[in-house]
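Dropping start_7.pdb in here (PDB, C-alpha atoms):
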```pdb
MODEL        1
ATOM      1  CA  MET A   1     105.988 111.097 100.590
ATOM      2  CA  THR A   2     109.619 111.531 101.691
ATOM      3  CA  PRO A   3     112.120 110.982  98.845
ATOM      4  CA  THR A   4     114.337 107.890  99.240
ATOM      5  CA  GLY A   5     117.482 108.796 101.159
ATOM      6  CA  ALA A   6     116.132 112.125 102.422
ATOM      7  CA  THR A   7     115.839 112.984 106.097
ATOM      8  CA  PRO A   8     112.152 112.846 107.074
ATOM      9  CA  LEU A   9     110.491 116.064 108.122
ATOM     10  CA  ARG A  10     108.457 116.157 111.320
ATOM     11  CA  ALA A  11     105.030 117.726 111.635
ATOM     12  CA  ALA A  12     102.255 117.420 114.193
ATOM     13  CA  ASP A  13      98.481 117.612 114.344
ATOM     14  CA  PRO A  14      97.936 121.123 115.766
ATOM     15  CA  LEU A  15      94.891 119.979 117.738
ATOM     16  CA  GLN A  16      96.970 117.373 119.576
ATOM     17  CA  VAL A  17     100.222 119.150 120.394
ATOM     18  CA  HIS A  18      99.069 121.325 123.295
ATOM     19  CA  PRO A  19     100.070 119.484 126.495
ATOM     20  CA  ALA A  20      96.717 118.652 128.095
ATOM     21  CA  PHE A  21      95.579 116.704 131.134
ATOM     22  CA  HIS A  22      92.202 115.229 131.985
ATOM     23  CA  ALA A  23      90.819 117.075 135.023
ATOM     24  CA  GLY A  24      87.574 115.251 135.696
ATOM     25  CA  ARG A  25      84.265 115.136 133.888
ATOM     26  CA  ASP A  26      84.078 117.797 131.140
ATOM     27  CA  ALA A  27      87.291 119.437 132.341
ATOM     28  CA  VAL A  28      90.832 119.798 131.028
ATOM     29  CA  VAL A  29      94.074 121.520 131.997
ATOM     30  CA  ILE A  30      95.855 122.756 128.880
ATOM     31  CA  ALA A  31      99.265 124.393 128.471
ATOM     32  CA  ALA A  32      99.778 127.497 126.307
ATOM     33  CA  PRO A  33     103.399 127.944 125.130
ATOM     34  CA  ALA A  34     105.245 131.184 124.487
ATOM     35  CA  LYS A  35     106.790 131.922 121.081
ATOM     36  CA  LEU A  36     109.901 133.538 119.681
ATOM     37  CA  ASN A  37     110.210 135.340 116.348
ATOM     38  CA  LEU A  38     113.426 134.098 114.740
ATOM     39  CA  CYS A  39     112.777 136.347 111.755
ATOM     40  CA  LEU A  40     110.380 139.281 111.503
ATOM     41  CA  GLU A  41     110.112 141.570 108.487
ATOM     42  CA  ILE A  42     107.439 144.159 107.752
ATOM     43  CA  LEU A  43     106.470 144.313 104.086
ATOM     44  CA  ARG A  44     103.921 147.125 103.853
ATOM     45  CA  LYS A  45     101.199 149.038 105.665
ATOM     46  CA  ARG A  46      97.704 147.929 104.709
ATOM     47  CA  SER A  47      94.579 149.982 104.113
ATOM     48  CA  ASP A  48      93.122 148.627 107.393
ATOM     49  CA  ASN A  49      96.135 150.125 109.284
ATOM     50  CA  TYR A  50      97.618 146.704 109.978
ATOM     51  CA  HIS A  51     100.917 145.658 108.388
ATOM     52  CA  ASP A  52     101.718 142.712 106.134
ATOM     53  CA  LEU A  53     104.636 140.782 107.545
ATOM     54  CA  GLU A  54     106.728 137.653 107.220
ATOM     55  CA  SER A  55     107.897 135.861 110.327
ATOM     56  CA  LEU A  56     109.316 132.542 111.453
ATOM     57  CA  MET A  57     107.632 131.833 114.789
ATOM     58  CA  VAL A  58     108.627 128.945 117.036
ATOM     59  CA  ALA A  59     107.110 127.755 120.296
ATOM     60  CA  ILE A  60     109.242 127.325 123.416
ATOM     61  CA  ASP A  61     108.720 125.406 126.633
ATOM     62  CA  LEU A  62     107.575 128.344 128.733
ATOM     63  CA  PHE A  63     103.867 127.930 129.429
ATOM     64  CA  ASP A  64     100.766 129.569 130.815
ATOM     65  CA  THR A  65      98.096 127.058 131.889
ATOM     66  CA  LEU A  66      94.319 127.107 131.585
ATOM     67  CA  GLU A  67      92.065 124.944 133.747
ATOM     68  CA  ILE A  68      88.766 124.749 131.848
ATOM     69  CA  ARG A  69      85.527 123.222 133.147
ATOM     70  CA  ALA A  70      82.138 123.065 131.473
ATOM     71  CA  THR A  71      79.323 124.531 133.568
ATOM     72  CA  ALA A  72      75.564 124.038 133.563
ATOM     73  CA  ASN A  73      74.824 127.744 133.045
ATOM     74  CA  ASP A  74      75.603 129.969 130.059
ATOM     75  CA  GLN A  75      78.245 132.119 131.785
ATOM     76  CA  ILE A  76      81.937 132.461 130.919
ATOM     77  CA  ALA A  77      83.603 132.831 134.331
ATOM     78  CA  LEU A  78      87.331 133.696 134.079
ATOM     79  CA  THR A  79      89.785 134.028 136.952
ATOM     80  CA  CYS A  80      93.470 134.866 136.653
ATOM     81  CA  GLU A  81      96.579 134.243 138.700
ATOM     82  CA  PRO A  82      98.342 136.453 139.615
ATOM     83  CA  ASP A  83      95.610 138.887 140.593
ATOM     84  CA  GLY A  84      95.346 142.195 138.783
ATOM     85  CA  LEU A  85      94.876 140.849 135.265
ATOM     86  CA  SER A  86      91.615 141.641 133.539
ATOM     87  CA  THR A  87      89.022 138.867 133.700
ATOM     88  CA  GLY A  88      86.335 140.670 131.693
ATOM     89  CA  PRO A  89      85.280 140.664 128.038
ATOM     90  CA  ASP A  90      88.496 142.459 127.025
ATOM     91  CA  ASN A  91      90.634 139.450 128.007
ATOM     92  CA  LEU A  92      91.571 137.385 124.927
ATOM     93  CA  VAL A  93      90.581 134.141 126.644
ATOM     94  CA  HIS A  94      87.118 135.529 127.329
ATOM     95  CA  LYS A  95      86.928 136.795 123.730
ATOM     96  CA  ALA A  96      87.931 133.352 122.440
ATOM     97  CA  ALA A  97      85.202 131.617 124.426
ATOM     98  CA  THR A  98      82.581 134.111 123.260
ATOM     99  CA  ALA A  99      83.684 133.842 119.615
ATOM    100  CA  LEU A 100      83.661 130.045 119.757
ATOM    101  CA  ARG A 101      80.080 129.965 121.090
ATOM    102  CA  LEU A 102      79.011 132.421 118.402
ATOM    103  CA  PHE A 103      80.632 130.357 115.635
ATOM    104  CA  ALA A 104      79.016 127.147 116.922
ATOM    105  CA  VAL A 105      75.652 128.906 117.447
ATOM    106  CA  ARG A 106      75.620 127.591 121.019
ATOM    107  CA  PRO A 107      74.983 130.568 123.341
ATOM    108  CA  ASP A 108      73.825 128.111 126.018
ATOM    109  CA  LEU A 109      77.328 126.776 126.668
ATOM    110  CA  GLY A 110      79.154 127.887 129.791
ATOM    111  CA  ALA A 111      82.621 127.428 131.244
ATOM    112  CA  SER A 112      84.732 128.194 134.276
ATOM    113  CA  ILE A 113      88.312 129.049 133.256
ATOM    114  CA  LYS A 114      91.308 129.603 135.540
ATOM    115  CA  LEU A 115      94.280 131.183 133.755
ATOM    116  CA  THR A 116      97.688 130.964 135.433
ATOM    117  CA  LYS A 117     100.162 133.381 133.836
ATOM    118  CA  ARG A 118     103.876 132.638 133.625
ATOM    119  CA  ILE A 119     104.595 134.282 130.276
ATOM    120  CA  PRO A 120     105.356 137.993 130.826
ATOM    121  CA  THR A 121     103.079 140.580 129.210
ATOM    122  CA  GLN A 122     104.347 143.230 126.732
ATOM    123  CA  ALA A 123     107.304 140.926 126.153
ATOM    124  CA  GLY A 124     107.012 139.881 122.495
ATOM    125  CA  LEU A 125     106.283 136.264 123.476
ATOM    126  CA  GLY A 126     102.630 136.067 122.412
ATOM    127  CA  GLY A 127     101.286 134.982 125.798
ATOM    128  CA  GLY A 128      97.811 136.460 125.366
ATOM    129  CA  SER A 129      97.466 135.026 121.866
ATOM    130  CA  SER A 130      98.619 131.611 123.044
ATOM    131  CA  ASP A 131      96.084 131.676 125.892
ATOM    132  CA  ALA A 132      93.310 132.440 123.393
ATOM    133  CA  ALA A 133      94.340 129.573 121.112
ATOM    134  CA  ALA A 134      94.549 127.155 124.042
ATOM    135  CA  ALA A 135      91.071 128.256 125.144
ATOM    136  CA  LEU A 136      89.723 127.467 121.659
ATOM    137  CA  VAL A 137      91.317 124.006 121.713
ATOM    138  CA  GLY A 138      90.230 123.205 125.270
ATOM    139  CA  LEU A 139      86.675 124.493 124.932
ATOM    140  CA  ASN A 140      86.265 122.703 121.597
ATOM    141  CA  GLN A 141      87.101 119.518 123.501
ATOM    142  CA  ILE A 142      85.011 119.899 126.656
ATOM    143  CA  TRP A 143      82.018 121.360 124.807
ATOM    144  CA  LYS A 144      82.290 118.430 122.347
ATOM    145  CA  LEU A 145      81.927 120.719 119.332
ATOM    146  CA  GLY A 146      84.187 118.694 117.041
ATOM    147  CA  LEU A 147      85.417 121.735 115.088
ATOM    148  CA  THR A 148      88.355 121.245 112.735
ATOM    149  CA  ARG A 149      91.649 123.108 112.855
ATOM    150  CA  ASP A 150      90.586 125.203 109.843
ATOM    151  CA  GLU A 151      87.407 126.248 111.624
ATOM    152  CA  LEU A 152      89.345 127.179 114.764
ATOM    153  CA  VAL A 153      91.858 129.141 112.651
ATOM    154  CA  ASP A 154      89.001 131.184 111.184
ATOM    155  CA  ILE A 155      87.931 132.100 114.714
ATOM    156  CA  ALA A 156      91.538 132.733 115.786
ATOM    157  CA  ALA A 157      92.115 135.182 112.924
ATOM    158  CA  SER A 158      89.255 137.321 114.222
ATOM    159  CA  LEU A 159      90.845 137.523 117.679
ATOM    160  CA  GLY A 160      94.366 138.721 116.879
ATOM    161  CA  SER A 161      97.229 138.472 114.433
ATOM    162  CA  ASP A 162      99.279 135.839 116.334
ATOM    163  CA  VAL A 163      96.483 133.589 117.607
ATOM    164  CA  ALA A 164      96.424 131.368 114.507
ATOM    165  CA  PHE A 165     100.129 130.560 114.937
ATOM    166  CA  PHE A 166      99.365 128.793 118.188
ATOM    167  CA  LEU A 167      97.143 126.412 116.223
ATOM    168  CA  SER A 168     100.135 125.606 113.987
ATOM    169  CA  LEU A 169     102.592 124.444 116.653
ATOM    170  CA  PRO A 170     105.442 123.966 117.084
ATOM    171  CA  ALA A 171     106.738 126.256 114.298
ATOM    172  CA  ALA A 172     105.320 128.140 111.324
ATOM    173  CA  TRP A 173     106.115 130.670 108.634
ATOM    174  CA  CYS A 174     103.553 133.414 109.186
ATOM    175  CA  THR A 175     102.369 135.955 106.612
ATOM    176  CA  GLY A 176      99.493 138.400 106.129
ATOM    177  CA  ARG A 177      98.959 140.113 109.501
ATOM    178  CA  GLY A 178     100.506 136.992 110.990
ATOM    179  CA  GLU A 179      97.300 134.980 110.765
ATOM    180  CA  VAL A 180      98.252 133.069 107.578
ATOM    181  CA  THR A 181     100.410 130.170 108.778
ATOM    182  CA  THR A 182     102.377 127.463 107.017
ATOM    183  CA  PRO A 183     103.774 124.837 109.405
ATOM    184  CA  GLU A 184     107.588 124.869 109.320
ATOM    185  CA  LEU A 185     108.734 121.271 109.214
ATOM    186  CA  VAL A 186     111.948 120.132 110.885
ATOM    187  CA  GLU A 187     114.085 117.103 110.196
ATOM    188  CA  ASP A 188     113.289 114.018 112.254
ATOM    189  CA  GLU A 189     116.800 113.878 113.706
ATOM    190  CA  CYS A 190     116.804 117.549 114.713
ATOM    191  CA  PRO A 191     117.497 117.710 118.488
ATOM    192  CA  GLY A 192     115.809 121.077 118.966
ATOM    193  CA  LEU A 193     117.300 124.387 119.984
ATOM    194  CA  TYR A 194     118.151 125.940 123.337
ATOM    195  CA  PHE A 195     117.613 129.626 124.050
ATOM    196  CA  VAL A 196     118.560 132.052 126.793
ATOM    197  CA  LEU A 197     115.715 134.487 127.472
ATOM    198  CA  VAL A 198     116.221 137.825 129.197
ATOM    199  CA  PHE A 199     113.147 139.671 130.469
ATOM    200  CA  PRO A 200     113.974 143.360 131.012
ATOM    201  CA  PRO A 201     111.933 144.977 133.807
ATOM    202  CA  VAL A 202     110.128 147.156 131.235
ATOM    203  CA  GLY A 203     107.436 146.511 128.650
ATOM    204  CA  VAL A 204     107.237 147.890 125.124
ATOM    205  CA  SER A 205     103.952 148.973 123.533
ATOM    206  CA  THR A 206     103.412 147.230 120.196
ATOM    207  CA  ALA A 207     101.352 150.186 118.942
ATOM    208  CA  ASP A 208     104.155 152.633 119.793
ATOM    209  CA  VAL A 209     106.727 150.469 118.026
ATOM    210  CA  TYR A 210     104.673 150.366 114.834
ATOM    211  CA  LYS A 211     104.170 154.139 114.936
ATOM    212  CA  ARG A 212     107.956 154.587 114.715
ATOM    213  CA  LEU A 213     108.481 151.851 112.130
ATOM    214  CA  ALA A 214     110.026 152.661 108.739
ATOM    215  CA  VAL A 215     108.838 150.118 106.150
ATOM    216  CA  PRO A 216     111.849 149.052 104.047
ATOM    217  CA  GLU A 217     112.034 149.481 100.288
ATOM    218  CA  LYS A 218     113.758 146.096  99.968
ATOM    219  CA  PRO A 219     112.480 143.531 102.493
ATOM    220  CA  PHE A 220     114.773 141.084 104.264
ATOM    221  CA  ALA A 221     114.420 137.530 102.913
ATOM    222  CA  GLY A 222     114.036 134.735 105.443
ATOM    223  CA  PHE A 223     115.390 131.815 103.404
ATOM    224  CA  ALA A 224     118.587 131.369 105.438
ATOM    225  CA  VAL A 225     116.932 131.508 108.838
ATOM    226  CA  ARG A 226     114.289 128.965 107.776
ATOM    227  CA  ALA A 227     116.947 126.586 106.421
ATOM    228  CA  ALA A 228     119.008 126.840 109.611
ATOM    229  CA  PHE A 229     115.969 126.212 111.800
ATOM    230  CA  ARG A 230     114.891 123.120 109.873
ATOM    231  CA  VAL A 231     118.178 121.352 110.647
ATOM    232  CA  GLY A 232     118.679 122.812 114.133
ATOM    233  CA  ASP A 233     121.906 124.651 113.228
ATOM    234  CA  ALA A 234     122.188 127.232 116.004
ATOM    235  CA  THR A 235     125.316 128.879 114.566
ATOM    236  CA  ALA A 236     123.724 129.452 111.162
ATOM    237  CA  LEU A 237     120.491 130.527 112.801
ATOM    238  CA  GLY A 238     122.218 133.125 114.959
ATOM    239  CA  ALA A 239     123.918 134.599 111.904
ATOM    240  CA  ALA A 240     120.676 134.722 109.882
ATOM    241  CA  MET A 241     118.155 136.080 112.424
ATOM    242  CA  PHE A 242     116.527 139.468 111.797
ATOM    243  CA  ASN A 243     113.893 141.670 113.404
ATOM    244  CA  ARG A 244     112.737 144.896 111.720
ATOM    245  CA  LEU A 245     111.087 146.070 114.964
ATOM    246  CA  GLU A 246     114.310 146.236 116.975
ATOM    247  CA  GLU A 247     115.288 149.762 115.946
ATOM    248  CA  PRO A 248     112.001 151.483 116.907
ATOM    249  CA  ALA A 249     111.731 149.393 120.093
ATOM    250  CA  PHE A 250     115.249 150.384 121.179
ATOM    251  CA  GLU A 251     114.388 154.043 120.566
ATOM    252  CA  ILE A 252     111.418 153.700 122.922
ATOM    253  CA  GLU A 253     113.258 151.634 125.562
ATOM    254  CA  PRO A 254     117.054 151.973 125.231
ATOM    255  CA  LEU A 255     117.489 149.502 128.110
ATOM    256  CA  VAL A 256     116.198 146.714 125.840
ATOM    257  CA  GLY A 257     118.836 147.554 123.239
ATOM    258  CA  ARG A 258     121.579 147.626 125.871
ATOM    259  CA  MET A 259     120.589 144.198 127.136
ATOM    260  CA  ARG A 260     120.433 142.774 123.637
ATOM    261  CA  GLN A 261     123.955 144.074 122.976
ATOM    262  CA  ARG A 262     125.306 142.745 126.257
ATOM    263  CA  LEU A 263     123.745 139.329 125.651
ATOM    264  CA  GLY A 264     125.381 139.138 122.218
ATOM    265  CA  GLN A 265     128.804 139.971 123.673
ATOM    266  CA  LEU A 266     128.750 136.717 125.681
ATOM    267  CA  ASN A 267     129.348 134.692 122.483
ATOM    268  CA  PRO A 268     126.134 132.701 122.063
ATOM    269  CA  ALA A 269     125.204 131.758 118.504
ATOM    270  CA  GLY A 270     123.406 135.115 118.170
ATOM    271  CA  ALA A 271     121.156 137.571 119.985
ATOM    272  CA  MET A 272     117.918 139.353 119.067
ATOM    273  CA  MET A 273     114.684 140.810 120.409
ATOM    274  CA  SER A 274     111.460 138.815 120.000
ATOM    275  CA  GLY A 275     108.440 140.422 118.351
ATOM    276  CA  SER A 276     107.959 144.050 119.371
ATOM    277  CA  GLY A 277     109.827 143.430 122.632
ATOM    278  CA  SER A 278     110.812 143.591 125.333
ATOM    279  CA  THR A 279     112.270 140.050 125.636
ATOM    280  CA  VAL A 280     115.731 139.519 124.156
ATOM    281  CA  PHE A 281     117.039 136.026 123.487
ATOM    282  CA  ALA A 282     120.076 134.080 122.359
ATOM    283  CA  PRO A 283     120.080 130.757 120.486
ATOM    284  CA  CYS A 284     122.771 128.456 121.864
ATOM    285  CA  ARG A 285     124.626 125.484 120.424
ATOM    286  CA  ASP A 286     123.849 123.144 123.331
ATOM    287  CA  PRO A 287     122.429 123.259 126.872
ATOM    288  CA  HIS A 288     125.888 123.746 128.399
ATOM    289  CA  GLU A 289     126.445 126.905 126.379
ATOM    290  CA  ALA A 290     122.955 128.118 127.272
ATOM    291  CA  ASN A 291     123.635 127.704 130.998
ATOM    292  CA  ARG A 292     127.028 129.409 130.639
ATOM    293  CA  VAL A 293     125.560 132.391 128.802
ATOM    294  CA  ALA A 294     122.707 132.736 131.302
ATOM    295  CA  SER A 295     125.092 132.691 134.276
ATOM    296  CA  ALA A 296     127.482 135.109 132.598
ATOM    297  CA  PHE A 297     124.666 137.538 131.837
ATOM    298  CA  ARG A 298     123.536 137.537 135.467
ATOM    299  CA  ASP A 299     127.095 137.873 136.805
ATOM    300  CA  SER A 300     128.123 140.693 134.435
ATOM    301  CA  ARG A 301     125.226 143.052 135.186
ATOM    302  CA  PRO A 302     126.472 146.659 135.410
ATOM    303  CA  THR A 303     125.659 148.492 138.620
ATOM    304  CA  ASP A 304     123.465 150.989 136.757
ATOM    305  CA  GLU A 305     121.379 148.271 135.061
ATOM    306  CA  PRO A 306     118.230 146.978 136.793
ATOM    307  CA  GLU A 307     118.064 143.252 137.451
ATOM    308  CA  SER A 308     116.308 141.112 134.837
ATOM    309  CA  ARG A 309     114.852 137.632 134.940
ATOM    310  CA  VAL A 310     116.993 135.189 132.944
ATOM    311  CA  LEU A 311     115.747 131.791 131.826
ATOM    312  CA  VAL A 312     117.033 128.867 129.743
ATOM    313  CA  VAL A 313     114.372 127.232 127.564
ATOM    314  CA  HIS A 314     114.170 124.595 124.841
ATOM    315  CA  GLY A 315     112.227 124.740 121.628
ATOM    316  CA  PHE A 316     108.835 123.120 122.192
ATOM    317  CA  THR A 317     108.683 119.667 120.625
ATOM    318  CA  PRO A 318     105.363 117.787 120.904
TER     319      PRO A 318
ENDMDL
END
```
Could I get this file's structure written as structure tokens?
Amino acid sequence: MTPTGATPLRAADPLQVHPAFHAGRDAVVIAAPAKLNLCLEILRKRSDNYHDLESLMVAIDLFDTLEIRATANDQIALTCEPDGLSTGPDNLVHKAATALRLFAVRPDLGASIKLTKRIPTQAGLGGGSSDAAAALVGLNQIWKLGLTRDELVDIAASLGSDVAFFLSLPAAWCTGRGEVTTPELVEDECPGLYFVLVFPPVGVSTADVYKRLAVPEKPFAGFAVRAAFRVGDATALGAAMFNRLEEPAFEIEPLVGRMRQRLGQLNPAGAMMSGSGSTVFAPCRDPHEANRVASAFRDSRPTDEPESRVLVVHGFTP
């Protein structure tokens, strides 16, 4: 219950927030959003060689889409656009479908899935994880399995560290390997945040970043960034953001660090890299500032810097 006089906090049913469209009998088109890490701290290395972390993850309105149709045979047939992406058992969407059938003890179920990619790979935006989560949600629907969010989260945790977040949209405080999620509530009157995204023409290997990582003795606390996000205060958010993976990522790809610095010099509310890179982003105080910063970044590109894709997005609000 919300205390009398307090601003209500907004949450959403994670199984309902993915934008989805009926596509005929036993078929659905479902959108898979990208994410940003507004705070990312590494606490310790675990005995299984993963790392315990704390992160505030938020979804943004940049989407891949999955067109999913039930089939009469027991095959999982995956196609991808653009061409060149793996469509075999190593693809996270294929893994999600296989894991879901195994969990439901329904090896007879089949599906045809078309994945259209718009979220860049090796960009720190969680595109592959989001696709896997969307596949779980969509297949749960068209196969009429009736699994709960908790059951889907159990499957998601087996697929990858970020997959469970995409069942906790639109924002969550993530711990453990990233698979333990607590929905981050926002005030009802919060208008949402605008971000400028810059996609450098290079990728950064997550494994290489973690190899160079120095785990801190005293971890960064995320209280301030969480408080700023809840009320949509872009100025406070920009001042509070933190990403432990920036330093090793910039050592691997100095261009990413240069672009992050140049973005910050254009006076948005702040600037940071998302996840293990390579995307850098800037929270902005309103859409006009976001458009100004995006244009200024494009127009101020040094002659020795390769051209990057620049995009203005809004925080995803279901």
For this session: Find the residues around stretch 133-150 of chain A up to 10 Å (only C-alpha atoms counted), leave out those fewer than 3 positions away in its own chain, and share them as a PyMOL selection string.
Result: chain A and resi 13-16+18-20+25-33+64-71+92-101+103-104+106+109-111+113+115+127-130+153-156+159+162-168
For this session: Record the distance separating atom CA of A:Pro302 and atom CA of A:Val280, expressed in Å with one decimal.
Result: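 Atom CA of A:Pro302 sits 17.1 Å away from atom CA of A:Val280.
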Problem set entry | Residues near A:Glu81, cut-off 9 Å, only C-alpha atoms, skip fewer than 6 positions along chain, as a PyMOL selection string | chain A and resi 114-117
Exercise. Applied to this file, what does the PyMOL selection byres ((chain A and resi 240-245) around 7) return in terms of residues, put as a VMD selection string?
Worked result: chain A and resid 38 to 42 209 213 224 to 225 236 to 239 246 to 249 276
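Note that atom CA of A:Pro287 and atom CA of A:Val313 are 9.0 Å apart.
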Exercise. Of the candidates A:Arg230, A:Lys218, A:Arg301, A:Arg212, which shows the shortest atom-to-atom distance to A:Leu263, using only C-alpha atoms?
Worked result: A:Arg301
Exercise. Of the residues A:Lys35, A:Arg46, A:Arg118, A:His51, which is the one nearest to A:Phe195, using all atoms listed in the file?
Worked result: A:Lys35
Exercise. Taking all atoms listed in the file into account, which of A:Phe199, A:Trp173, A:Phe250, A:Tyr194 comes nearest A:Phe223?
Worked result: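 For A:Phe223, the nearest of the given residues is A:Trp173.
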Exercise. So, counting all atoms listed in the file, which residue among A:Met273, A:Ala34, A:Leu78, A:Ala23 is closest to A:Asp90?
Worked result: A:Leu78
For this session: Find the residues around A:Cys284 up to 12 Å (only C-alpha atoms counted), leave out those fewer than 2 positions away in its own chain, and share them as a PyMOL selection string.
Result: chain A and resi 192-197+232-239+263-264+266-271+281-282+286-294+312-315
Exercise. With all atoms listed in the file as the basis for distance, which of A:His22, A:Pro107, A:Gly160, A:Pro183 is at the shortest distance from A:Ala132?
Worked result: A:Gly160
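You will find atom CA of A:Ser86 at 20.1 Å from atom CA of A:Asp74.
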For this session: Please write as an MDAnalysis selection string the list of polymer residues whose atoms come within 10 Å of (95.2, 144.9, 110.7), counting all atoms listed in the file and keeping to the coordinates of the file.
Result: chainID A and resid 45:52 160:161 176:178
Problem set entry | Selected residue, from A:Asp108, A:Ile119, A:Phe21, A:Leu102, that lies nearest to A:Ala72 when counting all atoms listed in the file |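 Among A:Asp108, A:Ile119, A:Phe21, A:Leu102, it is A:Asp108 that comes nearest to A:Ala72.
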Stretch 238-251 of chain A: axis-aligned bounding box, 4 Å on each side, centre and edge lengths in Å, one decimal, as AutoDock Vina command-line options:
```
--center_x 117.5 --center_y 143.6 --center_z 115.5 --size_x 20.8 --size_y 28.9 --size_z 19.3
```
For this session: Might you spell out which residues the PyMOL selection byres ((chain A and resi 253) around 12) would select in the displayed file, as a list in words?
Result: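 Output from the PyMOL selection byres ((chain A and resi 253) around 12), applied to this file: Pro200, Pro201, Val202, Gly203, Val204, Ser205, Asp208, Val209, Glu246, Glu247, Pro248, Ala249, Phe250, Glu251, Ile252, Pro254, Leu255, Val256, Gly257, Arg258, Met259, Arg260, Ser276, Gly277, Ser278 and Thr279 of chain A.
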For this session: Take the point (111.0, 144.5, 99.8) as written in the file and pick out every residue within 10 Å of it, counting only C-alpha atoms; give the list as a PyMOL selection string.
Result: chain A and resi 41-44+215-221
